[in-house]
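Presented below is the structure to which this report refers.
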Amino acid sequence: MSHHYPDSPAPETAPTPLTETAETGWRALFSRQYRSAVLVMASGVALYAMNLYFTAALMPSVVADIGGERYYAWASTGYLITAVIATMFVSRLIGTRGARRSYIGAYVAFAAGTALGSLSPTMELFIAGRALQGIGAGLLTGLGYATIRSVLPAQLWIRATSLITAMFGVGALVGPMLGGSFAQAGAWRAAFGVLAVLALVLAVVAFKTLPPKRPDAQAAAPLPIASMTALALTAAALSLSSILSGAFVLVMIGAGLLLLAAFLVIDSKDQHGVLPRLAYQRGSSLKWIYLTVATLCAGVMTENFIPLFGQQLGGLSPLVAGMLGATLSIGWVGGQLFSANVSAEAARALVRTGPALLTAGLTGYGLLLVAGASTITVIVWAVLLLVAGAGIGLAFPHLTVAAMSSSDDPGESAKAAAAVSTTQLIAFTLTSALAGNLLLLGGADHAASARWLVLGIAVLTALGIGTAFAVTKKRPHHARP
């Protein structure tokens with residue numbers, strides 16, 4: 001079945017995979033010739049996603065052991081900024097090093113940063129480890145999408161994308177439980193040690209399973225230094241805004257938005273920019289794909305606060321509140337697994353429906369955030385969060401495949417796929433900064449703060465309703481670049 005959009009090449013123009021197959025089901029994806037490569041790609045994204053929640057659960061133990069509470073926020077800020085930068089190198093790494101060597105380098109960087117964090121005697125050194133870990137994590141999440149095209153046949157792209165993007169939800173489920181277990185045992189250093197060993201094991205698997213052949217696309221392409229600098233400064237400014245106060249918050253957010261605009265202007269004029277040329281061409285749907293991805297990712301950020309609201313407003317225990325926080329991820333994973341089985345026309349409908357479901361779920365949840373919530377209200381919260389998560393899962397894999405299929409040039413296609421990850425991380429950074437400031441609007445009223453945050457994010461996701469229709473709008477053939 002075909003899932004390409006109007007700006008995408010027909011399936012027959014896709015590059016020839018290592019081993020062709022006529023099968024399109026899950027069995028084909030996990031067949032002997034593909035399953036090891038799929039494991040590498042899915043595990044890389046899962047490692048990145050799990051680490052976000054894993055580390056959050058361990059941070060109180062880290063601070064209690066080595067101090068540095070005033071640098072608490074920088075443990076995530078340093079990680080996020082380097083991850084954003086790393087995603088920009090994905091397509092070039094594949095072009096010059098190939099999938100196998102790129103994955104090995106990413107896993108080794110992740111393992112080295114994790115090991116440094118595990119051995120750190122001070123918070124400053126721990127943050128340095130997190131920054132190195134972020135480089136590996138950013139590469140892993142970008143490679144997860146960019147490698148699909150080179151190692152799998154086109155008929156398996158949608159299922160592989162569904163599986164890989166579902167790893168974000170799996171990470172959100174597994175990460176807090178594992179991190180909390182190690183924290184409960186007072187073994188945060190051992191936790192990071194285990195994670196480092198796991199990354200090295202996956203590096204060995206990548207060496208044994210991924211193709212050694214080096215594609216030559218973009219091998220000599222220069223790095224877009226100006227674009228990368230503007231984007232890195234954008235991430236830094238938006239991250240800093242969440243730890244400042246008073247007028248400095250607005251100044252830093254304004255600076256971040258100006259830097260983001262500067263990035264788009266600079267990048268659009270650079271032949272070898274961060275985003276593929278197709279994203280800036282008139283009539284292309286690629287820019288709408290990225291904007292829709294960004295709005296879906298904005299909705300994901302509510303997940304970080306759901307357990308907090310469950311305890312403050314519903315009087316839930318930490319365990320039950322954590323389970324409530326996982327409902328959005330459960331809906332996300334379920335939506336993606338269902339979405340992988342639909343036809344091309346149904347995929348268009350799901351892309352349009354996804355942001356609407358996400359917005360409706362978050363809006364209903366936000367309106368019901370009241371102090372002293374009853375058991376019935378908490379159950380309704382869970383149902384609404386499942387609906388919101390399903391909205392993400394229904395649309396996300398088809399958007400990723402549409403980006404991946406946007407060009408019949410392997411280099412541009414790899415860049416388009418990797419840019420999905422860059423878009424995700426930028427959206428996470430912007431929404432995270434906004435969330436910290438929305439919480440302050442409620443003052444000491446926990447319910448008001450919660451409503452400000454959730455409904456504010458719902459406004460962002462509502463923008464995706466319009467961009468999703470722009471993505472799926474049928475264009476005449478001659479409108480394609």
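Every chain in the structure tokens takes a letter, A first, then B, and so on in the order presented; its residues are numbered from 1, and the ligands are numbered from 1 following the presented order.
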
(message) Need to verify the contact set: Asn437 in chain A, 12 Å, only C-alpha atoms, exclusion of same-chain residues closer than 5 positions in sequence. Can you return it as a ChimeraX atom specification?
(response) /A:238-250,252-253,430-432,442-443,449-450,452-453,456-457

Would you pick out the contacts of range 375-384 of chain A at 9 Å or less, using only C-alpha atoms, so that residues sharing its chain but fewer than 5 positions from it are not included, and give the list as a list in words?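 Here the answer would be Gly310, Gly314, Leu324, Gly325, Thr327, Leu328, Ala360, Gly361, Leu362, Thr363, Gly364, Tyr365, Gly366, Leu368, Leu369 and Gly389 of chain A.
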
Would you save the residues of that selection, restricted to N, CA, C and O atoms, as a PDB file, in the first residue's frame?
```pdb
ATOM      1  N   GLY A 310      -1.837  15.001  39.399  1.00  0.00           N
ATOM      2  CA  GLY A 310      -2.576  13.911  40.034  1.00  0.00           C
ATOM      3  C   GLY A 310      -2.404  13.903  41.538  1.00  0.00           C
ATOM      4  O   GLY A 310      -3.365  13.661  42.286  1.00  0.00           O
ATOM      5  N   GLY A 314      -5.716  15.458  42.853  1.00  0.00           N
ATOM      6  CA  GLY A 314      -6.514  14.251  43.063  1.00  0.00           C
ATOM      7  C   GLY A 314      -6.130  13.482  44.303  1.00  0.00           C
ATOM      8  O   GLY A 314      -6.764  12.466  44.621  1.00  0.00           O
ATOM      9  N   LEU A 324      -1.157   7.276  36.055  1.00  0.00           N
ATOM     10  CA  LEU A 324      -1.998   8.231  35.328  1.00  0.00           C
ATOM     11  C   LEU A 324      -1.174   8.949  34.264  1.00  0.00           C
ATOM     12  O   LEU A 324      -1.636   9.144  33.132  1.00  0.00           O
ATOM     13  N   GLY A 325       0.061   9.306  34.618  1.00  0.00           N
ATOM     14  CA  GLY A 325       0.928   9.986  33.663  1.00  0.00           C
ATOM     15  C   GLY A 325       1.248   9.129  32.450  1.00  0.00           C
ATOM     16  O   GLY A 325       1.525   9.645  31.357  1.00  0.00           O
ATOM     17  N   THR A 327      -0.836   7.181  30.896  1.00  0.00           N
ATOM     18  CA  THR A 327      -1.990   6.935  30.026  1.00  0.00           C
ATOM     19  C   THR A 327      -1.856   7.622  28.670  1.00  0.00           C
ATOM     20  O   THR A 327      -2.304   7.082  27.650  1.00  0.00           O
ATOM     21  N   LEU A 328      -1.233   8.798  28.640  1.00  0.00           N
ATOM     22  CA  LEU A 328      -1.047   9.468  27.357  1.00  0.00           C
ATOM     23  C   LEU A 328      -0.150   8.629  26.450  1.00  0.00           C
ATOM     24  O   LEU A 328      -0.416   8.470  25.255  1.00  0.00           O
ATOM     25  N   ALA A 360      -8.741  18.028  21.624  1.00  0.00           N
ATOM     26  CA  ALA A 360      -9.975  17.771  22.371  1.00  0.00           C
ATOM     27  C   ALA A 360      -9.672  17.097  23.706  1.00  0.00           C
ATOM     28  O   ALA A 360     -10.241  17.463  24.749  1.00  0.00           O
ATOM     29  N   GLY A 361      -8.775  16.101  23.680  1.00  0.00           N
ATOM     30  CA  GLY A 361      -8.428  15.399  24.910  1.00  0.00           C
ATOM     31  C   GLY A 361      -7.782  16.316  25.930  1.00  0.00           C
ATOM     32  O   GLY A 361      -8.141  16.305  27.122  1.00  0.00           O
ATOM     33  N   LEU A 362      -6.832  17.138  25.484  1.00  0.00           N
ATOM     34  CA  LEU A 362      -6.150  18.052  26.404  1.00  0.00           C
ATOM     35  C   LEU A 362      -7.095  19.130  26.926  1.00  0.00           C
ATOM     36  O   LEU A 362      -7.030  19.517  28.098  1.00  0.00           O
ATOM     37  N   THR A 363      -7.972  19.618  26.060  1.00  0.00           N
ATOM     38  CA  THR A 363      -8.911  20.662  26.490  1.00  0.00           C
ATOM     39  C   THR A 363      -9.859  20.126  27.558  1.00  0.00           C
ATOM     40  O   THR A 363     -10.098  20.773  28.589  1.00  0.00           O
ATOM     41  N   GLY A 364     -10.408  18.936  27.322  1.00  0.00           N
ATOM     42  CA  GLY A 364     -11.297  18.338  28.321  1.00  0.00           C
ATOM     43  C   GLY A 364     -10.575  18.083  29.629  1.00  0.00           C
ATOM     44  O   GLY A 364     -11.098  18.370  30.722  1.00  0.00           O
ATOM     45  N   TYR A 365      -9.351  17.555  29.545  1.00  0.00           N
ATOM     46  CA  TYR A 365      -8.552  17.298  30.736  1.00  0.00           C
ATOM     47  C   TYR A 365      -8.262  18.600  31.480  1.00  0.00           C
ATOM     48  O   TYR A 365      -8.415  18.690  32.711  1.00  0.00           O
ATOM     49  N   GLY A 366      -7.892  19.633  30.740  1.00  0.00           N
ATOM     50  CA  GLY A 366      -7.571  20.913  31.369  1.00  0.00           C
ATOM     51  C   GLY A 366      -8.757  21.529  32.087  1.00  0.00           C
ATOM     52  O   GLY A 366      -8.627  22.055  33.199  1.00  0.00           O
ATOM     53  N   LEU A 368     -11.181  20.020  33.458  1.00  0.00           N
ATOM     54  CA  LEU A 368     -11.575  19.213  34.624  1.00  0.00           C
ATOM     55  C   LEU A 368     -10.513  19.187  35.713  1.00  0.00           C
ATOM     56  O   LEU A 368     -10.653  18.441  36.685  1.00  0.00           O
ATOM     57  N   LEU A 369      -9.466  19.973  35.579  1.00  0.00           N
ATOM     58  CA  LEU A 369      -8.421  20.031  36.603  1.00  0.00           C
ATOM     59  C   LEU A 369      -8.889  20.933  37.747  1.00  0.00           C
ATOM     60  O   LEU A 369      -8.751  22.156  37.696  1.00  0.00           O
ATOM     61  N   GLY A 389      -3.484  10.979  23.660  1.00  0.00           N
ATOM     62  CA  GLY A 389      -2.348  10.195  23.205  1.00  0.00           C
ATOM     63  C   GLY A 389      -2.632   9.474  21.897  1.00  0.00           C
ATOM     64  O   GLY A 389      -1.762   9.384  21.013  1.00  0.00           O
TER      65      GLY A 389
END
```

Wanna dump the range 345-439 of chain A-range 260-269 of chain A contacts at 12 Å for me, each residue with its shortest atom pair and the distance in Å to one decimal, counting only C-alpha atoms, ordered by chain and number, as a Markdown table?
```
| residue | atom | partner | partner_atom | distance |
| --- | --- | --- | --- | --- |
| A:Thr423 | CA | A:Leu260 | CA | 11.8 |
| A:Ile426 | CA | A:Leu260 | CA | 9.5 |
| A:Ala427 | CA | A:Leu260 | CA | 11.3 |
| A:Thr429 | CA | A:Leu260 | CA | 11.8 |
| A:Leu430 | CA | A:Leu260 | CA | 10.2 |
```

Just-selected residues, C-alpha atoms written as a compact mmCIF listing (two decimals), in the first residue's frame:
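So result_2.txt came out as:
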```
# COMPACT_ATOMS: atom_id res chain seq x y z
CA THR A 423 11.67 19.43 14.79
CA ILE A 426 12.92 22.12 19.07
CA ALA A 427 9.21 21.67 19.86
CA THR A 429 12.41 22.86 24.07
CA LEU A 430 9.94 25.62 23.17
```

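Restricting the calculation to only C-alpha atoms, the smallest distance between Met167 in chain A and any of A:Met323, A:Ala373, A:Ala42, A:Ala232 is found for A:Ala42.
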
With only C-alpha atoms as the counted atoms, please give the residues lying no more than 12 Å from Ala57 in chain A, apart from itself and same-chain residues fewer than 5 positions off, as a PyMOL selection string.
chain A and resi 50-52+62-63+172+174-184+186-188+191+304+318+322

Looking at only C-alpha atoms, which of A:Pro224, A:Ala340, A:Leu39, A:Gln271 is the one that sits closest to Gly25 in chain A?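 Looking at the shortest contact to Gly25 in chain A, the residue is A:Ala340.
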
In terms of only C-alpha atoms, the residue from A:Thr353, A:Thr461, A:Thr77, A:Thr422 at minimal distance from Ser339 in chain A is A:Thr353

Just the helix (DSSP H, G or I) stuff from range 186-354 of chain A, please, per backbone DSSP, written as a PyMOL selection string. chain A and resi 188-209+225-241+247-268+277-280+286-304+306-314+318-325+327-339+344-354

Self-check item: For Val84 in chain A, the nearest of the candidates A:Ser407, A:Ser284, A:Ser36, A:Gln424, counting only C-alpha atoms
Solution: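 Closest residue, counting only C-alpha atoms: A:Gln424.
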
Please provide the set of residues having any atom within 7 Å of Val293 in chain A, restricted to only C-alpha atoms, with same-chain residues fewer than 4 positions apart removed, written as a compact mmCIF listing (two decimals) with N, CA, C and O atoms, in the first residue's frame.
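The new file out.txt reads:
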```
# COMPACT_ATOMS: atom_id res chain seq x y z
N ILE A 289 4.28 19.45 7.15
CA ILE A 289 4.58 18.21 7.88
C ILE A 289 5.34 18.53 9.15
O ILE A 289 4.99 18.06 10.25
N CYS A 297 4.16 17.21 19.15
CA CYS A 297 5.19 17.11 20.19
C CYS A 297 4.94 18.08 21.33
O CYS A 297 5.30 17.81 22.48
N PHE A 396 1.25 10.56 13.77
CA PHE A 396 2.70 10.72 13.74
C PHE A 396 3.42 9.85 12.71
O PHE A 396 4.26 10.34 11.94
N GLN A 424 11.16 17.72 16.46
CA GLN A 424 10.69 17.23 17.74
C GLN A 424 11.41 17.93 18.90
O GLN A 424 10.77 18.41 19.85
```

Write out as a PDB file with C-alpha atoms, in the first residue's frame which residues come within 9 Å of Arg348 in chain A when counting only C-alpha atoms, dropping same-chain ones fewer than 5 positions away.
```pdb
ATOM      1  CA  HIS A   3       1.384   6.212   1.952  1.00  0.00           C
ATOM      2  CA  TYR A   5       1.747  12.397  -0.201  1.00  0.00           C
ATOM      3  CA  SER A 343      -4.823   2.372   3.599  1.00  0.00           C
ATOM      4  CA  THR A 353      -7.948  13.640  12.862  1.00  0.00           C
ATOM      5  CA  ALA A 395      -0.975  10.891  12.857  1.00  0.00           C
ATOM      6  CA  HIS A 398       2.270   8.896   8.525  1.00  0.00           C
ATOM      7  CA  ALA A 468      -2.603  18.805   9.090  1.00  0.00           C
ATOM      8  CA  PHE A 469      -5.151  19.792   6.443  1.00  0.00           C
ATOM      9  CA  VAL A 471      -0.276  18.428   4.684  1.00  0.00           C
ATOM     10  CA  THR A 472      -3.012  16.279   3.161  1.00  0.00           C
ATOM     11  CA  LYS A 473      -4.289  18.775   0.628  1.00  0.00           C
TER      12      LYS A 473
END
```

Practice prompt. Would you list the contacts of Pro222 in chain A as a ChimeraX atom specification, taking every protein, DNA or RNA residue within 10 Å and counting only C-alpha atoms, but skipping same-chain residues closer than 6 positions in sequence?
Written response: /A:92,271-273

- request: Give me, please, the distance in Å between CA of Val387 in chain A and CA of Leu357 in chain A, quoted to one decimal.
  value: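 Interatomic distance here is 6.3 Å.
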